[in-house]
>>> print(open('final-v9.tsv').read())   # TSV, C-alpha atoms and all ligand atoms
chain	number	residue	atom	x	y	z
A	1348	MET	CA	135.85	182.40	29.88
A	1349	THR	CA	132.78	184.56	30.59
A	1350	SER	CA	131.66	185.38	27.04
A	1351	ILE	CA	131.93	183.93	23.56
A	1352	GLY	CA	131.34	185.97	20.40
A	1353	LYS	CA	129.19	184.56	17.60
A	1354	PRO	CA	130.51	183.99	14.06
A	1355	LYS	CA	129.70	186.95	11.78
A	1356	LEU	CA	128.71	184.63	8.93
A	1357	ARG	CA	124.98	184.65	8.20
A	1358	HIS	CA	122.65	183.28	5.56
A	1359	PRO	CA	121.99	185.91	2.85
A	1360	ALA	CA	118.31	185.00	2.69
A	1361	LEU	CA	117.53	185.78	6.38
A	1362	ALA	CA	114.28	187.74	6.65
A	1363	THR	CA	114.57	191.42	7.57
A	1364	ASN	CA	112.11	193.53	9.53
A	1365	LYS	CA	110.77	196.97	8.51
A	1366	VAL	CA	113.93	198.74	9.67
A	1367	GLY	CA	116.16	196.39	7.68
A	1368	PHE	CA	117.52	194.13	10.45
A	1369	THR	CA	117.55	190.35	10.63
A	1370	ARG	CA	116.73	188.49	13.82
A	1371	ARG	CA	120.47	187.83	14.21
A	1372	ASP	CA	121.03	191.60	14.58
A	1373	TYR	CA	119.12	191.42	17.87
A	1374	GLU	CA	121.22	188.60	19.30
A	1375	GLY	CA	124.24	188.97	21.59
A	1376	LYS	CA	127.12	186.76	22.62
A	1377	VAL	CA	126.81	182.99	23.09
A	1378	SER	CA	125.18	182.30	26.46
A	1379	THR	CA	127.33	180.73	29.17
A	1380	LEU	CA	124.33	179.85	31.37
A	1381	CYS	CA	123.49	176.20	32.19
A	1382	ALA	CA	121.78	174.32	29.35
A	1383	GLY	CA	118.02	174.46	29.99
A	1384	CYS	CA	118.14	177.60	32.20
A	1385	GLY	CA	114.85	179.49	31.91
A	1386	HIS	CA	116.74	182.78	31.55
A	1387	ASP	CA	117.95	181.76	28.07
A	1388	SER	CA	114.34	181.33	26.92
A	1389	ILE	CA	113.57	184.86	28.17
A	1390	SER	CA	116.54	186.20	26.17
A	1391	ALA	CA	115.12	184.46	23.07
A	1392	ALA	CA	111.69	186.03	23.73
A	1393	LEU	CA	113.27	189.49	24.08
A	1394	ILE	CA	115.13	189.05	20.76
A	1395	GLN	CA	111.89	188.03	19.08
A	1396	ALA	CA	109.90	190.92	20.59
A	1397	PHE	CA	112.35	193.68	19.65
A	1398	TRP	CA	112.77	192.26	16.14
A	1399	GLU	CA	109.01	192.03	15.59
A	1400	LEU	CA	108.51	195.57	16.93
A	1401	ASP	CA	110.96	196.91	14.29
A	1402	ILE	CA	112.96	198.76	16.95
A	1403	GLU	CA	116.47	199.74	15.85
A	1404	PRO	CA	118.86	198.17	18.38
A	1405	HIS	CA	120.69	201.47	19.04
A	1406	ARG	CA	117.46	202.95	20.45
A	1407	VAL	CA	117.47	200.50	23.38
A	1408	ALA	CA	119.25	200.82	26.75
A	1409	LYS	CA	119.35	197.56	28.75
A	1410	LEU	CA	120.32	197.78	32.40
A	1411	SER	CA	120.77	195.02	34.94
A	1412	GLY	CA	122.06	194.20	38.42
A	1413	ILE	CA	124.06	191.10	39.42
A	1414	GLY	CA	123.11	187.42	39.04
A	1415	CYS	CA	122.74	184.82	36.27
A	1416	SER	CA	119.63	186.77	35.19
A	1417	SER	CA	121.48	190.07	35.22
A	1418	LYS	CA	124.21	188.56	33.02
A	1419	THR	CA	121.73	187.85	30.24
A	1420	PRO	CA	121.78	191.30	28.57
A	1421	ASP	CA	125.15	190.15	27.21
A	1422	TYR	CA	123.28	187.45	25.28
A	1423	PHE	CA	120.76	189.63	23.41
A	1424	LEU	CA	120.67	193.05	21.73
A	1425	GLY	CA	124.44	193.13	21.28
A	1426	ASN	CA	124.17	196.42	19.36
A	1427	SER	CA	122.22	198.26	22.06
A	1428	HIS	CA	123.40	200.38	24.98
A	1429	GLY	CA	124.04	198.28	28.08
A	1430	PHE	CA	125.05	198.76	31.70
A	1431	ASN	CA	125.58	195.94	34.19
A	1432	SER	CA	125.29	197.74	37.54
A	1433	VAL	CA	125.64	196.69	41.19
A	1434	HIS	CA	123.54	193.98	42.94
A	1435	GLY	CA	120.04	195.39	43.55
A	1436	ARG	CA	120.86	198.86	42.20
A	1437	MET	CA	119.65	198.61	38.59
A	1438	PRO	CA	116.44	200.63	39.27
A	1439	SER	CA	118.25	203.79	40.41
A	1440	VAL	CA	120.76	203.59	37.55
A	1441	LEU	CA	117.91	203.11	35.08
A	1442	THR	CA	116.00	206.04	36.62
A	1443	GLY	CA	119.03	208.32	36.23
A	1444	ALA	CA	119.66	207.25	32.64
A	1445	ASN	CA	115.99	207.68	31.76
A	1446	LEU	CA	115.89	211.17	33.27
A	1447	ALA	CA	119.03	212.20	31.38
A	1448	ASN	CA	117.91	210.77	28.03
A	1449	ARG	CA	114.22	210.12	27.51
A	1450	GLY	CA	114.93	209.35	23.84
A	1451	LEU	CA	115.87	205.71	24.49
A	1452	ILE	CA	113.71	202.66	25.23
A	1453	TYR	CA	114.58	201.35	28.71
A	1454	LEU	CA	114.76	197.68	29.55
A	1455	GLY	CA	115.54	196.64	33.14
A	1456	VAL	CA	116.64	193.02	33.62
A	1457	SER	CA	116.86	191.59	37.12
A	1458	GLY	CA	116.57	188.47	39.26
A	1459	ASP	CA	114.49	187.65	42.31
A	1460	GLY	CA	117.54	188.01	44.57
A	1461	ASP	CA	118.45	191.25	42.82
A	1462	SER	CA	114.94	192.75	43.06
A	1463	ALA	CA	113.25	191.11	46.06
A	1464	SER	CA	116.17	190.59	48.46
A	1465	ILE	CA	118.98	193.17	48.36
A	1466	GLY	CA	117.15	195.43	45.88
A	1467	LEU	CA	113.66	195.42	47.41
A	1468	GLY	CA	113.75	199.13	48.28
A	1469	GLN	CA	114.94	200.14	44.84
A	1470	PHE	CA	112.31	197.91	43.22
A	1471	ALA	CA	109.51	199.54	45.23
A	1472	HIS	CA	110.60	203.10	44.48
A	1473	VAL	CA	111.12	202.67	40.74
A	1474	MET	CA	107.53	201.39	40.52
A	1475	ARG	CA	106.02	204.21	42.57
A	1476	ARG	CA	107.97	206.79	40.55
A	1477	ARG	CA	106.51	205.24	37.39
A	1478	VAL	CA	109.69	205.34	35.39
A	1479	ASN	CA	108.96	204.57	31.73
A	1480	MET	CA	110.57	201.15	31.28
A	1481	ALA	CA	109.96	197.47	30.73
A	1482	TYR	CA	111.20	195.77	33.90
A	1483	ILE	CA	111.75	192.01	33.49
A	1484	LEU	CA	112.28	189.98	36.66
A	1485	GLU	CA	113.63	186.49	35.90
A	1486	ASN	CA	112.22	184.70	38.93
A	1487	ASN	CA	113.65	181.29	39.91
A	1488	GLY	CA	113.22	181.49	43.70
A	1489	VAL	CA	116.96	181.08	44.33
A	1490	TYR	CA	120.24	182.91	44.11
A	1491	GLY	CA	121.40	180.90	41.08
A	1492	LEU	CA	124.77	182.59	40.64
A	1493	THR	CA	125.85	181.96	44.24
A	1494	LYS	CA	124.77	178.29	44.20
A	1495	GLY	CA	121.10	178.05	45.05
A	1496	GLN	CA	120.27	179.67	48.42
A	1497	PHE	CA	116.53	180.47	48.85
A	1498	SER	CA	115.70	183.97	47.64
A	1499	ALA	CA	112.93	186.15	49.07
A	1500	THR	CA	110.47	184.93	46.41
A	1501	ALA	CA	110.78	181.27	47.47
A	1502	ASP	CA	107.39	180.06	48.67
A	1503	SER	CA	107.00	179.15	52.32
A	1504	GLY	CA	107.11	175.36	52.60
A	1505	SER	CA	109.02	174.84	49.35
A	1506	ARG	CA	112.08	172.59	49.58
A	1507	SER	CA	115.63	173.22	48.45
A	1508	ARG	CA	117.56	170.68	46.35
A	1509	ARG	CA	119.41	169.67	49.53
A	1510	GLY	CA	116.10	169.00	51.34
A	1511	LEU	CA	115.81	172.16	53.49
A	1512	THR	CA	112.31	173.61	53.93
A	1513	ASN	CA	111.84	177.36	53.51
A	1514	THR	CA	109.99	178.77	56.51
A	1515	ASP	CA	110.01	182.45	55.49
A	1516	ALA	CA	107.00	184.07	53.80
A	1517	ALA	CA	107.51	184.82	50.10
A	1518	VAL	CA	107.66	188.31	48.61
A	1519	ASP	CA	105.18	188.32	45.73
A	1520	THR	CA	106.72	190.82	43.33
A	1521	VAL	CA	103.55	191.07	41.24
A	1522	SER	CA	101.45	192.12	44.26
A	1523	LEU	CA	104.20	194.48	45.39
A	1524	ALA	CA	104.44	196.14	41.97
A	1525	LEU	CA	100.66	196.62	41.97
A	1526	LEU	CA	100.71	198.06	45.47
A	1527	MET	CA	103.56	200.41	44.62
A	1528	GLY	CA	101.82	201.90	41.59
A	1529	ALA	CA	103.13	200.10	38.50
A	1530	THR	CA	100.71	200.76	35.65
A	1531	PHE	CA	101.34	197.52	33.71
A	1532	VAL	CA	101.83	194.28	35.64
A	1533	ALA	CA	102.11	190.83	34.09
A	1534	ARG	CA	103.36	187.38	34.98
A	1535	GLY	CA	104.85	185.05	32.38
A	1536	PHE	CA	106.64	181.73	32.29
A	1537	SER	CA	109.92	181.16	30.48
A	1538	GLY	CA	108.46	177.86	29.18
A	1539	ASP	CA	105.63	179.67	27.36
A	1540	LYS	CA	107.16	181.85	24.64
A	1541	ALA	CA	103.80	182.32	22.88
A	1542	GLN	CA	102.53	184.10	26.00
A	1543	LEU	CA	105.77	185.91	26.86
A	1544	VAL	CA	106.63	187.58	23.52
A	1545	PRO	CA	103.39	189.64	23.34
A	1546	GLN	CA	103.77	190.50	27.05
A	1547	ILE	CA	107.22	191.95	26.35
A	1548	LYS	CA	105.98	193.83	23.28
A	1549	ALA	CA	103.10	195.32	25.26
A	1550	ALA	CA	105.41	196.29	28.15
A	1551	ILE	CA	107.69	198.14	25.72
A	1552	ALA	CA	104.73	199.97	24.17
A	1553	HIS	CA	103.37	200.93	27.61
A	1554	PRO	CA	104.05	204.59	28.53
A	1555	GLY	CA	105.01	204.08	32.18
A	1556	ALA	CA	106.26	201.52	34.71
A	1557	ALA	CA	105.70	198.12	33.08
A	1558	PHE	CA	106.64	195.08	35.12
A	1559	ILE	CA	106.77	191.42	34.08
A	1560	ASP	CA	107.57	188.73	36.63
A	1561	VAL	CA	108.72	185.75	34.56
A	1562	VAL	CA	108.91	182.45	36.40
A	1563	SER	CA	112.20	181.10	35.06
A	1564	PRO	CA	113.32	177.74	36.46
A	1565	CYS	CA	116.93	177.26	37.61
A	1566	VAL	CA	117.78	173.77	36.35
A	1567	ALA	CA	120.90	173.58	38.51
A	1568	PHE	CA	119.37	174.40	41.93
A	1569	ASN	CA	115.57	174.66	41.85
A	1570	ASN	CA	113.95	172.25	39.40
A	1571	HIS	CA	113.23	169.28	41.71
A	1572	PRO	CA	110.02	167.94	43.33
A	1573	GLY	CA	109.19	170.19	46.31
A	1574	SER	CA	110.14	173.37	44.42
A	1575	THR	CA	107.31	175.71	43.34
A	1576	LYS	CA	109.49	177.29	40.62
A	1577	SER	CA	110.28	174.10	38.66
A	1578	TYR	CA	109.16	173.49	35.06
A	1579	ASP	CA	106.82	170.68	36.18
A	1580	TYR	CA	105.24	172.68	39.02
A	1581	VAL	CA	104.54	175.76	36.89
A	1582	ARG	CA	103.14	173.67	33.99
A	1583	GLN	CA	100.81	171.85	36.42
A	1584	HIS	CA	99.65	174.97	38.31
A	1585	ASN	CA	99.63	177.63	35.58
A	1586	ASP	CA	96.35	179.55	35.72
A	1587	ALA	CA	96.41	181.94	32.72
A	1588	VAL	CA	93.69	184.61	33.08
A	1589	ASN	CA	94.05	186.04	29.57
A	1590	ARG	CA	96.13	186.09	26.38
A	1591	LEU	CA	97.54	189.20	24.76
A	1592	ASP	CA	97.82	190.16	21.13
A	1593	VAL	CA	99.79	193.26	20.19
A	1594	TRP	CA	99.08	195.02	16.91
A	1595	PRO	CA	101.76	197.51	15.89
A	1596	ALA	CA	100.78	201.05	14.83
A	1597	ARG	CA	99.26	201.34	11.36
A	1598	GLU	CA	98.78	197.59	10.91
A	1599	PRO	CA	95.21	196.39	10.35
A	1600	ILE	CA	93.88	194.13	13.10
A	1601	ALA	CA	93.52	190.78	11.39
A	1602	VAL	CA	91.55	188.69	13.89
A	1603	ASP	CA	87.98	189.14	15.13
A	1604	TYR	CA	86.70	187.86	18.44
A	1605	ALA	CA	83.19	187.35	19.71
A	1606	GLU	CA	81.75	190.34	21.52
A	1607	GLY	CA	82.84	190.40	25.16
A	1608	ALA	CA	85.65	187.87	24.58
A	1609	ALA	CA	88.32	190.53	24.06
A	1610	ILE	CA	89.00	194.15	24.99
A	1611	GLU	CA	91.12	196.57	22.98
A	1612	VAL	CA	93.41	199.12	24.63
A	1613	PRO	CA	95.08	201.64	22.28
A	1614	GLN	CA	98.63	202.63	23.30
A	1615	PHE	CA	100.30	206.05	23.01
A	1616	ASP	CA	102.54	204.88	20.14
A	1617	GLY	CA	99.52	203.90	18.04
A	1618	SER	CA	99.75	200.18	18.72
A	1619	VAL	CA	96.72	198.31	20.07
A	1620	LEU	CA	96.66	195.70	22.83
A	1621	ARG	CA	93.99	193.04	22.53
A	1622	LEU	CA	93.24	191.12	25.64
A	1623	ARG	CA	91.49	187.78	25.13
A	1624	LYS	CA	89.86	186.58	28.33
A	1625	LEU	CA	90.50	183.02	29.45
A	1626	ASP	CA	88.87	183.69	32.81
A	1627	ALA	CA	85.58	185.50	32.08
A	1628	HIS	CA	85.53	187.01	35.60
A	1629	TYR	CA	89.04	188.51	35.50
A	1630	ASP	CA	89.12	192.25	34.82
A	1631	ALA	CA	92.71	193.43	34.18
A	1632	THR	CA	91.70	197.08	34.61
A	1633	ASP	CA	90.40	196.57	38.17
A	1634	LYS	CA	93.40	196.71	40.48
A	1635	THR	CA	91.63	195.78	43.71
A	1636	SER	CA	90.01	192.64	42.35
A	1637	ALA	CA	93.26	191.72	40.54
A	1638	MET	CA	95.09	191.80	43.88
A	1639	ALA	CA	92.42	189.69	45.55
A	1640	HIS	CA	92.50	187.14	42.71
A	1641	ILE	CA	96.30	186.84	42.86
A	1642	THR	CA	96.29	186.43	46.66
A	1643	HIS	CA	93.57	183.77	46.63
A	1644	ALA	CA	95.29	181.84	43.83
A	1645	ALA	CA	98.65	181.94	45.67
A	1646	GLU	CA	96.96	180.50	48.79
A	1647	LYS	CA	95.88	177.55	46.65
A	1648	GLY	CA	99.38	177.11	45.19
A	1649	GLU	CA	98.36	178.34	41.72
A	1650	VAL	CA	100.62	180.47	39.54
A	1651	VAL	CA	98.47	183.17	37.94
A	1652	THR	CA	99.87	184.29	34.58
A	1653	GLY	CA	98.78	186.82	31.95
A	1654	LEU	CA	98.38	190.59	31.89
A	1655	LEU	CA	97.25	191.07	35.47
A	1656	TYR	CA	96.78	194.84	35.53
A	1657	LEU	CA	96.77	197.64	33.01
A	1658	ALA	CA	96.02	201.26	33.93
A	1659	PRO	CA	94.37	202.79	30.86
A	1660	ASP	CA	95.45	206.32	31.86
A	1661	ALA	CA	99.13	205.59	32.54
A	1662	SER	CA	101.75	208.34	32.56
A	1663	ASP	CA	105.42	208.42	33.51
A	1664	LEU	CA	107.95	210.26	35.65
A	1665	HIS	CA	108.79	212.78	32.90
A	1666	ALA	CA	105.12	213.79	32.71
A	1667	HIS	CA	104.95	214.12	36.51
A	1668	LEU	CA	108.12	216.25	36.63
A	1669	ASP	CA	106.99	218.24	33.59
A	1670	THR	CA	110.37	217.90	31.88
A	1671	VAL	CA	110.97	219.25	28.38
A	1672	GLU	CA	110.51	216.98	25.36
A	1673	THR	CA	114.18	217.33	24.37
A	1674	PRO	CA	116.32	214.77	26.20
A	1675	LEU	CA	118.18	216.59	28.99
A	1676	ASN	CA	121.53	215.33	27.67
A	1677	ALA	CA	120.87	217.18	24.40
A	1678	LEU	CA	120.22	220.60	25.99
A	1679	GLY	CA	122.91	223.26	25.71
A	1680	ASP	CA	124.23	225.71	28.33
A	1681	ALA	CA	121.77	228.40	27.26
A	1682	ASP	CA	118.83	226.07	28.04
A	1683	LEU	CA	120.27	224.75	31.29
A	1684	CYS	CA	121.60	227.95	32.92
A	1685	PRO	CA	118.81	230.26	34.17
A	1686	GLY	CA	121.20	233.29	34.23
A	1687	ALA	CA	122.40	235.63	36.99
A	1688	ALA	CA	119.11	237.52	37.34
A	1689	MET	CA	117.14	234.32	38.00
A	1690	LEU	CA	119.81	233.10	40.43
A	1691	ASP	CA	119.58	236.40	42.36
A	1692	LYS	CA	115.80	235.99	42.51
A	1693	ILE	CA	116.09	232.44	43.85
A	1694	ASN	CA	118.70	233.49	46.44
A	1695	ALA	CA	116.55	236.43	47.53
A	1696	ALA	CA	113.59	234.09	48.02
A	1697	LEU	CA	115.68	231.96	50.35
A	1698	ARG	CA	116.91	234.77	52.59
B	1	LIG	C1	126.46	193.66	47.26
B	1	LIG	C2	126.50	192.21	46.88
B	1	LIG	N1	126.05	191.27	47.74
B	1	LIG	C3	126.05	189.97	47.41
B	1	LIG	C4	126.56	189.60	46.19
B	1	LIG	C5	126.61	188.11	45.85
B	1	LIG	N2	125.60	187.75	44.86
B	1	LIG	C6	125.85	187.75	43.54
B	1	LIG	S1	124.54	187.29	42.62
B	1	LIG	C7	123.61	187.06	44.02
B	1	LIG	C8	122.19	186.57	43.96
B	1	LIG	C9	121.62	186.53	42.57
B	1	LIG	O1	120.33	186.02	42.63
B	1	LIG	P1	119.24	186.46	41.60
B	1	LIG	O2	119.15	187.93	41.50
B	1	LIG	O3	118.00	185.75	41.96
B	1	LIG	O4	119.84	185.96	40.20
B	1	LIG	P2	119.94	184.49	39.60
B	1	LIG	O5	121.38	184.16	39.65
B	1	LIG	O6	119.10	183.58	40.40
B	1	LIG	O7	119.43	184.66	38.22
B	1	LIG	C10	124.32	187.35	45.17
B	1	LIG	C11	123.77	187.24	46.54
B	1	LIG	C12	127.03	190.60	45.30
B	1	LIG	N3	127.49	190.31	44.07
B	1	LIG	N4	126.99	191.88	45.67
B	2	LIG	S1	122.74	178.36	38.09
B	2	LIG	FE1	120.54	178.33	37.67
B	2	LIG	S2	120.04	180.46	37.14
B	2	LIG	FE2	122.27	180.22	36.91
B	2	LIG	S3	122.62	179.67	34.78
B	2	LIG	FE3	122.45	177.76	35.93
B	2	LIG	S4	120.29	177.18	35.76
B	2	LIG	FE4	120.43	179.36	35.22
B	3	MG	MG	117.19	184.05	41.20
>>> encode(input="final-v9.tsv", output="structure tokens")
Amino acid sequence: MTSIGKPKLRHPALATNKVGFTRRDYEGKVSTLCAGCGHDSISAALIQAFWELDIEPHRVAKLSGIGCSSKTPDYFLGNSHGFNSVHGRMPSVLTGANLANRGLIYLGVSGDGDSASIGLGQFAHVMRRRVNMAYILENNGVYGLTKGQFSATADSGSRSRRGLTNTDAAVDTVSLALLMGATFVARGFSGDKAQLVPQIKAAIAHPGAAFIDVVSPCVAFNNHPGSTKSYDYVRQHNDAVNRLDVWPAREPIAVDYAEGAAIEVPQFDGSVLRLRKLDAHYDATDKTSAMAHITHAAEKGEVVTGLLYLAPDASDLHAHLDTVETPLNALGDADLCPGAAMLDKINAALR
């Protein structure tokens, strides 16, 4: 059995959000992942974030590749649009869907094998094209679904459950996303929901390529001493540079911080991101120093988490291509066909 439906029965007193949905309306089928898998905690954080943002489930399109991580869209947002694509190919399918219908909110869900091994090229190009999406990479350092081989994000020197040492250099997806032009880059940990939920909310509000690498331990194949993606390792080496608060549009900001302790970044949808510094020297708007900080921390075996980079002037692929505001899939023949005279002109120009 690959999926189990949930009973329809629900408590009549469940709280509803501003669009009239309970938290249950953002859930999906019962998860069939291993008990304790980090990916299930990420699904719970996604449910919480979409519910708190008052987004109607039918406005969301969730796309994924192949892997335990890519299976998870079955376990949340059961009333949203969903497409489980081919291994490593989610970014191009998401790009096509986004170009055809800019009216939906795009969520890409992937794994480290899916994005950093077979799908590395697609990952790089979707970031440099700045497709408007929230891209969540559930990073456990192994191919969980195919029984725990090292993936390309496994750190050099880390040990497999069977005692093998990884000698290959790791692909750091956060550094790669920065290098490729993503305009929102964060790293979270599936064991820290308080940090992850605001990160997801901010990524959804961001008007461009938003990427979150979420370290998500695989309890079956990569949660032992010697692994750098285990719960214990990440808890002991987590170096959070800041904490995010997200204030939805039109809601008064309820907390004050000392001057210099927080920066506010208004988003295009009216919401406001508040970034509370935990590391006074970390500037999330300075890409070059962010990259240097991440590289130095990785050399010391630290796992830097938080909102690592935010471009204040972000824009997306639709803005770059100058497409019309109406979703392309809603345009009629009259809008799409330039007519015989225009076609003659184009042909003449090519002769
Ligand atoms: C084209 C292709 N090659 C290989 C596979 C086999 N395969 C399925 S999932 C997977 C790796 C998944 O790893 P990851 O993306 O890290 O997801 P996880 O299971 O760890 O969450 C592989 C190699 C496949 N399904 N399709
Ligand atoms: S094999 Fe690993 S990644 Fe897959 S469900 Fe189990 S714990 Fe999660
Ligand atoms: Mg994996």
>>> closest_residue(input="final-v9.tsv", among="A:Pro1554, A:Pro1438, A:Gly1443, A:Pro1674", to="Asp1616 (chain A)", atoms="only C-alpha atoms")
A:Pro1554
>>> closest_atom_pairs(input="final-v9.tsv", of="chain A", to="ligand LIG 1 (chain B)", cutoff="9 Å", atoms="all atoms listed in the file", output="Markdown table")
| residue | atom | partner | partner_atom | distance |
| --- | --- | --- | --- | --- |
| A:His1386 | CA | B:LIG1 | O7 | 7.4 |
| A:Gly1412 | CA | B:LIG1 | O2 | 7.6 |
| A:Ile1413 | CA | B:LIG1 | S1 | 5.0 |
| A:Gly1414 | CA | B:LIG1 | O5 | 3.7 |
| A:Cys1415 | CA | B:LIG1 | O5 | 3.7 |
| A:Ser1416 | CA | B:LIG1 | O7 | 3.7 |
| A:Ser1417 | CA | B:LIG1 | O7 | 6.5 |
| A:Lys1418 | CA | B:LIG1 | O7 | 8.1 |
| A:Thr1419 | CA | B:LIG1 | O7 | 8.9 |
| A:Val1433 | CA | B:LIG1 | N4 | 6.7 |
| A:His1434 | CA | B:LIG1 | N4 | 4.9 |
| A:Gly1435 | CA | B:LIG1 | C1 | 7.6 |
| A:Ser1457 | CA | B:LIG1 | O2 | 6.2 |
| A:Gly1458 | CA | B:LIG1 | O2 | 3.5 |
| A:Asp1459 | CA | B:LIG1 | O3 | 4.0 |
| A:Gly1460 | CA | B:LIG1 | O2 | 3.5 |
| A:Asp1461 | CA | B:LIG1 | O2 | 3.6 |
| A:Ser1462 | CA | B:LIG1 | O2 | 6.6 |
| A:Ala1463 | CA | B:LIG1 | O2 | 8.1 |
| A:Ser1464 | CA | B:LIG1 | O2 | 8.0 |
| A:Ile1465 | CA | B:LIG1 | N1 | 7.3 |
| A:Gly1466 | CA | B:LIG1 | O2 | 8.9 |
| A:Leu1484 | CA | B:LIG1 | O2 | 8.7 |
| A:Glu1485 | CA | B:LIG1 | O7 | 6.5 |
| A:Asn1486 | CA | B:LIG1 | O3 | 6.6 |
| A:Asn1487 | CA | B:LIG1 | O6 | 5.9 |
| A:Gly1488 | CA | B:LIG1 | O3 | 6.6 |
| A:Val1489 | CA | B:LIG1 | O6 | 5.1 |
| A:Tyr1490 | CA | B:LIG1 | O1 | 3.4 |
| A:Gly1491 | CA | B:LIG1 | O5 | 3.6 |
| A:Leu1492 | CA | B:LIG1 | O5 | 3.9 |
| A:Thr1493 | CA | B:LIG1 | C7 | 5.6 |
| A:Lys1494 | CA | B:LIG1 | O5 | 8.2 |
| A:Gly1495 | CA | B:LIG1 | O6 | 7.5 |
| A:Gln1496 | CA | B:LIG1 | C8 | 8.4 |
| A:Phe1497 | CA | B:LIG1 | O3 | 8.8 |
| A:Ser1498 | CA | B:LIG1 | O3 | 6.4 |
| A:Ala1499 | CA | B:LIG1 | O3 | 8.7 |
| A:Thr1500 | CA | B:LIG1 | O3 | 8.8 |
| A:Ser1563 | CA | B:LIG1 | O7 | 8.7 |
| A:Cys1565 | CA | B:LIG1 | O6 | 7.2 |
>>> residues_around(input="final-v9.tsv", residues="Leu1668 (chain A)", least_positions_apart="2", cutoff="12 Å", atoms="all atoms listed in the file", output="PyMOL selection string")
chain A and resi 1446+1476-1478+1662-1666+1670-1672
>>> write_last_selection(input="final-v9.tsv", atoms="C-alpha atoms", output="short mmCIF file (atom, residue, chain, number, x, y, z; two decimals), in the coordinates of the input")
data_model
loop_
_atom_site.label_atom_id
_atom_site.label_comp_id
_atom_site.auth_asym_id
_atom_site.auth_seq_id
_atom_site.Cartn_x
_atom_site.Cartn_y
_atom_site.Cartn_z
CA LEU A 1446 115.89 211.17 33.27
CA ARG A 1476 107.97 206.79 40.55
CA ARG A 1477 106.51 205.24 37.39
CA VAL A 1478 109.69 205.34 35.39
CA SER A 1662 101.75 208.34 32.56
CA ASP A 1663 105.42 208.42 33.51
CA LEU A 1664 107.95 210.26 35.65
CA HIS A 1665 108.79 212.78 32.90
CA ALA A 1666 105.12 213.79 32.71
CA THR A 1670 110.37 217.90 31.88
CA VAL A 1671 110.97 219.25 28.38
CA GLU A 1672 110.51 216.98 25.36
#
>>> residues_around(input="final-v9.tsv", residues="region 1522-1536 of chain A", least_positions_apart="3", cutoff="8 Å", atoms="all atoms listed in the file", output="ChimeraX atom specification")
/A:1471-1472,1474-1477,1518-1519,1539-1540,1542-1543,1546,1550,1553,1555-1563,1581,1634,1638,1641,1651-1658,1661
>>> atom_distance(input="final-v9.tsv", atom1="CA of Gln1614 (chain A)", atom2="CA of Thr1369 (chain A)")
25.9 Å
>>> closest_residue(input="final-v9.tsv", among="A:Asn1589, A:Ser1439, A:Thr1379, A:Ser1503", to="ligand LIG 2 (chain B)", atoms="all atoms listed in the file")
A:Thr1379
>>> residues_around(input="final-v9.tsv", residues="Asp1387 (chain A)", least_positions_apart="2", cutoff="10 Å", atoms="only C-alpha atoms", output="ChimeraX atom specification")
/A:1378-1385,1389-1393,1415-1416,1419,1422-1423,1537,1563
>>> axis_aligned_box(input="final-v9.tsv", around="ligand LIG 2 (chain B)", padding_each_side="6 Å", output="AutoDock Vina command-line options")
--center_x 121.4 --center_y 178.8 --center_z 36.4 --size_x 14.7 --size_y 15.3 --size_z 15.3
>>> atom_distance(input="final-v9.tsv", atom1="CA of Ser1427 (chain A)", atom2="CA of Val1407 (chain A)")
5.4 Å
>>> residues_around(input="final-v9.tsv", residues="region 1353-1357 of chain A", least_positions_apart="6", cutoff="8 Å", atoms="only C-alpha atoms", output="list in words")
Gly1375, Lys1376 and Val1377 of chain A
>>> atom_distance(input="final-v9.tsv", atom1="CA of Asp1421 (chain A)", atom2="CA of Ile1402 (chain A)")
18.1 Å
